[in-house]
Structures are given as C-alpha cells and as structure tokens.
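Peer 1: Below you will find the structure I want to go over with you.
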Amino acid sequence: MKKIPATVVTGFLGAGKTTLIRHLLDNANGRRIALIINEFGDLGVDGDILKGCGDDACSDDDVFELSNGCICCTVAEDFIPTMERLLDRPDAPDHIVIETSGLALPQPLVRAFQWPQISTRVTVDGVVTVVDGKAVAEGRFAANLDAVEAQRKADENLDHETPLSELFEDQIAAADMIVVNKTDLLGEDEAEALVAKLSAEARPGVHVVRTSMGQLPGEVLLGIGAEAEANMEGRDEGHHHHHHHDDDDQDDHDHHHDHGHDEFETFVVERTEVADPAAFSSQVAEVIRAHDILRLKGFVAVSGKPMRLTLQAVGPRVDTYYDQPFGEAPRTTRLVVIGQAGLDRAAIAQALSA
Ligand SMILES: Nc1nc2c(ncn2[C@@H]2O[C@H](COP(=O)(O)OP(=O)(O)OP(=O)(O)O)[C@@H](O)[C@H]2O)c(=O)[nH]1
C-alpha cells in the first residue's frame, strides 16, 4: 500500500506559514488535503483562518488541531492518536500538511513518523521551512520578536535559552525545501544574497525558492519525496553551531524592484525517441543540476519499447518506470519542466534533446 505523503511546514511566528498553506488549499486542483495544526493556546488563530476557508479541498473535518503546544513533547498523547484518527478514516486524504508552531523544532516531529503505529501508512514527503526574508536579511529572524518571546514563555515545554539564531539554523538543517517569503519587502540584491547564503547553509540538494505571500505552486511544494523520517542524517538539531555574522546592510531596505524571479514557470520539451533510458536519466539529472530545475516529469518513448516510460525528477533524483503502452497515442517524448522564473528554456530544451 502506498504511504500517504505528509508535508511538515515550519518557520518562525509570522514567517508566512499560514499564508502559504492557505494558497496551497486555494489551488489544490482536486487534491484532498488534510491539515494538522499545532497551535499555542490563544496566541494563534490559524485554525480559524484555515477552517473558515470554505474550500472543497479542505472541509472543517479535514482540519485537526493539536492544542498542547510543542509537538515533540506530546507525541504519544496527542500527535500519534491524531494521525491514527486521520489515517483510520474511510476517506483518506491525498496529502497531509502539518503546520508546526513557530518555535518547536521539526526534527522530533519527523522522527515521530518512525513510530510503528503510523510508520507503514504515512511518510514525510518533505520539511518545508518558511523564512521571513525581510527579518532574516536584517538578522532578526522573526518580524515580531516580542511575540516570539511571548510564545516561548507561554509554553513551559519549550527551551527558553537557545538563541533564535540557533533555532533558525536547526530549521534550515531540517529543511527539504526552503522558502524565502516576503521578497516584496526586499531589494533584488538582498533577495539574491539571502538565497545564496541559505543555499550554502542548507543540506546538499535542498532548493531555496523565493516568493511573496507564499505563492508556491502545489507541484513545487508537494511531492518532494524526501522520506525524511528515513533520512535523518544531517538534519539533527544542535550539531552545527558554526557562528556566522549577519552582515545586514541597513541602508538598502524598502527598495521595491522588479520581482519577476519570484514567480514560477512551466514549459514543455519534446524530443525524439530515447535509445538508452539509463543514460537519459543521467542526462536529465545533469540538466536539472545545471539549470536549477525544481521538477521535471513526463513520458519518454524508448526505442523498441511499446510501453511508455514515466519519468519524474525531484531535485537530483530521477525515477522512471514503464506505465502503459502508447497504444494509439503518438510515440513522443514529452517532458514538463518546472522552475523559478528565468529558466534558460532554449538551453534546457537543447540539453534534453541531445
Ligand atoms: N509583505 C508581506 N507580508 C506577508 C507575506 N506573507 C505573509 N505576510 C503577512 O505576514 C503576516 C504573518 O503571516 P502568517 O501566514 O500568518 O505567518 P505564520 O508563519 O503562519 O505565523 P504564525 O501562524 O503566527 O506562526 C500576515 O500578516 C501576512 O499577511 C509576504 O510575502 N509579504
């Protein structure tokens, strides 16, 4: 049985997690998405905001709230039973999204997916860390530090000592995708510099995308296929305390530049039959690396094979399998490429057609 993918959305208070999830639900394209929200008492209203969305993709019944704070401390009493309740329903969702409260580290939550009660039925598709681009560029990490402190004090389960900069590093280390949000408040150079800095700090192969108002296409956000609970290496919290300076450039704020790069684009490449599918997979992986492509998927016509080869690539990983005969359909190789706006389409098409 196929495991249900779960995406863990993390990031500090006010980074834009709820906004991103809201956008995802508004653009669910028929996917049934269940939400689990980890709220801190009366400080958050996310549950209400998301419940009120009135979307077909997510009715009130699909929103589950964990109310006693930090997930990592309440795994057995709260998180696992909630997951079991969700998984036991006759109408299982296509995807589960878990919004963590801003200060809890994602690692213990990801580890909870190894618990035998749920480990055969659900997998962590990816940890998505939402970053307040403006606050991080200014070395503050969160827009409203008083609110963050209040949130921290309100939960006795949370450690009260660790500086935010270290919690931030832990969130970055845990990420399978990093979303630099609020780029509308950043100058183009600032945004570029922040993306470069976070790419260097992230684990290898982790994409850093930029956006405002969390407007990430579902095809980019979901389906990362990380199986994070089985790949904890390098994600561990507290093992990477290199201290860097946040050189913030105080006089370069509030510029409003052209934000074309914050959008995403999709285009199709068609090519002739492929002689050697294994070699073609390597070729695809190379093109993805060279052009910072987020997703690539489609069908491949392999010489001498009546079946079409389905190809799906996320980051550097390329998966292929024969799914069905071409039948009457034309034997074309057709690949959909998804990436942040500004892709070099001609070069990509040429490299894929070689
Ligand atoms: N300027 C700007 N504001 C944004 C952007 N994304 C979100 N916001 C605003 O930032 C505030 C916080 O956004 P939320 O989505 O509630 O953030 P959150 O991470 O869910 O915060 P908590 O649930 O409180 O932890 C809201 O007022 C949003 O409207 C953005 O890209 N640009």
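Each chain in the structure tokens gets a letter, A, B, ..., in the order shown, and its residues are numbered from 1; ligands are numbered from 1 in order too.
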Using only C-alpha atoms and all ligand atoms, what are the residues with an atom within 10 Å of ligand 1, set out as a VMD selection string?
Peer 2: chain A and resid 9 to 23 37 to 40 43 to 47 49 99 to 103 129 to 134 142 to 144 147 to 148 151 180 to 186 210 to 215
Peer 1: Using only C-alpha atoms, which residues sit within 6 Å of Asp176 of chain A once same-chain residues fewer than 3 positions away are excluded, as a VMD selection string?
Peer 2: chain A and resid 126 to 128 206
Peer 1: Can you write just those residues out, N, CA and C atoms, as a short mmCIF file (atom, residue, chain, number, x, y, z; two decimals), in the first residue's frame?
Peer 2:
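Contents of result_17.cif, as written:
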```cif
data_model
loop_
_atom_site.label_atom_id
_atom_site.label_comp_id
_atom_site.auth_asym_id
_atom_site.auth_seq_id
_atom_site.Cartn_x
_atom_site.Cartn_y
_atom_site.Cartn_z
N GLY A 126 8.29 15.91 2.84
CA GLY A 126 9.29 16.95 2.88
C GLY A 126 9.06 17.89 4.05
N VAL A 127 10.15 18.44 4.56
CA VAL A 127 10.06 19.51 5.55
C VAL A 127 10.28 20.81 4.79
N VAL A 128 9.29 21.68 4.85
CA VAL A 128 9.39 22.96 4.15
C VAL A 128 9.58 24.05 5.20
N VAL A 206 19.16 20.71 -1.45
CA VAL A 206 17.94 21.38 -0.99
C VAL A 206 17.74 22.67 -1.78
#
```
Peer 1: Considering only C-alpha atoms, can you say which of A:Val220, A:Leu105, A:Ile338, A:Leu309 comes closest to Glu273 of chain A?
Peer 2: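 The closest residue to Glu273 of chain A is A:Leu309.
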Peer 1: Quick one: DSSP strand (DSSP E or B) residues in segment 155-238 of chain A, as a list in words?
Peer 2: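 Answer for segment 155-238 of chain A restricted to strand (DSSP E or B) is Met177, Ile178, Val179, Val180, Asn181, His207, Val208, Val209 and Arg210 of chain A.
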Peer 1: Between A:Pro5, A:Pro306, A:Gly327, A:Gly342, single out the one closest to Leu222 of chain A, counting only C-alpha atoms.
Peer 2: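 Of all the options, A:Pro5 lies closest to Leu222 of chain A.
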Peer 1: Glu233 of chain A: which residues within 10 Å, counting only C-alpha atoms, same-chain residues fewer than 4 positions away excluded, as a short mmCIF file (atom, residue, chain, number, x, y, z; two decimals) with N, CA and C atoms, in the first residue's frame?
Peer 2:
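Final output, part-v1.cif:
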```cif
data_model
loop_
_atom_site.label_atom_id
_atom_site.label_comp_id
_atom_site.auth_asym_id
_atom_site.auth_seq_id
_atom_site.Cartn_x
_atom_site.Cartn_y
_atom_site.Cartn_z
N ALA A 173 18.60 23.26 8.82
CA ALA A 173 19.19 21.92 8.70
C ALA A 173 18.12 20.86 8.45
N ALA A 174 16.92 21.11 8.97
CA ALA A 174 15.85 20.11 8.83
C ALA A 174 15.18 20.16 7.47
N ARG A 203 21.31 21.60 3.57
CA ARG A 203 21.91 20.33 3.20
C ARG A 203 22.02 20.25 1.69
N ALA A 228 11.69 11.84 4.76
CA ALA A 228 12.59 12.46 5.74
C ALA A 228 12.84 11.60 6.97
N GLU A 229 11.79 10.87 7.42
CA GLU A 229 11.94 10.08 8.66
C GLU A 229 12.97 8.97 8.49
#
```
Peer 1: Tell me which protein, DNA and RNA residues are within 10 Å of Leu87 of chain A, counting only C-alpha atoms, leaving out same-chain ones fewer than 2 positions away, and put them as a ChimeraX atom specification.
Peer 2: /A:4,81-85,89-93,96,118,121-122
Peer 1: My list of candidates is A:Leu198, A:Leu216, A:Val269, A:Ala150. Which is closest to Ala341 of chain A when distances are computed with only C-alpha atoms?
Peer 2: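 Of the candidates, the smallest distance to Ala341 of chain A is held by A:Leu216.
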Peer 1: Any idea what the distance is between atom CA of Tyr321 of chain A and atom CA of Ala275 of chain A?
Peer 2: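 It comes out at 15.3 Å.
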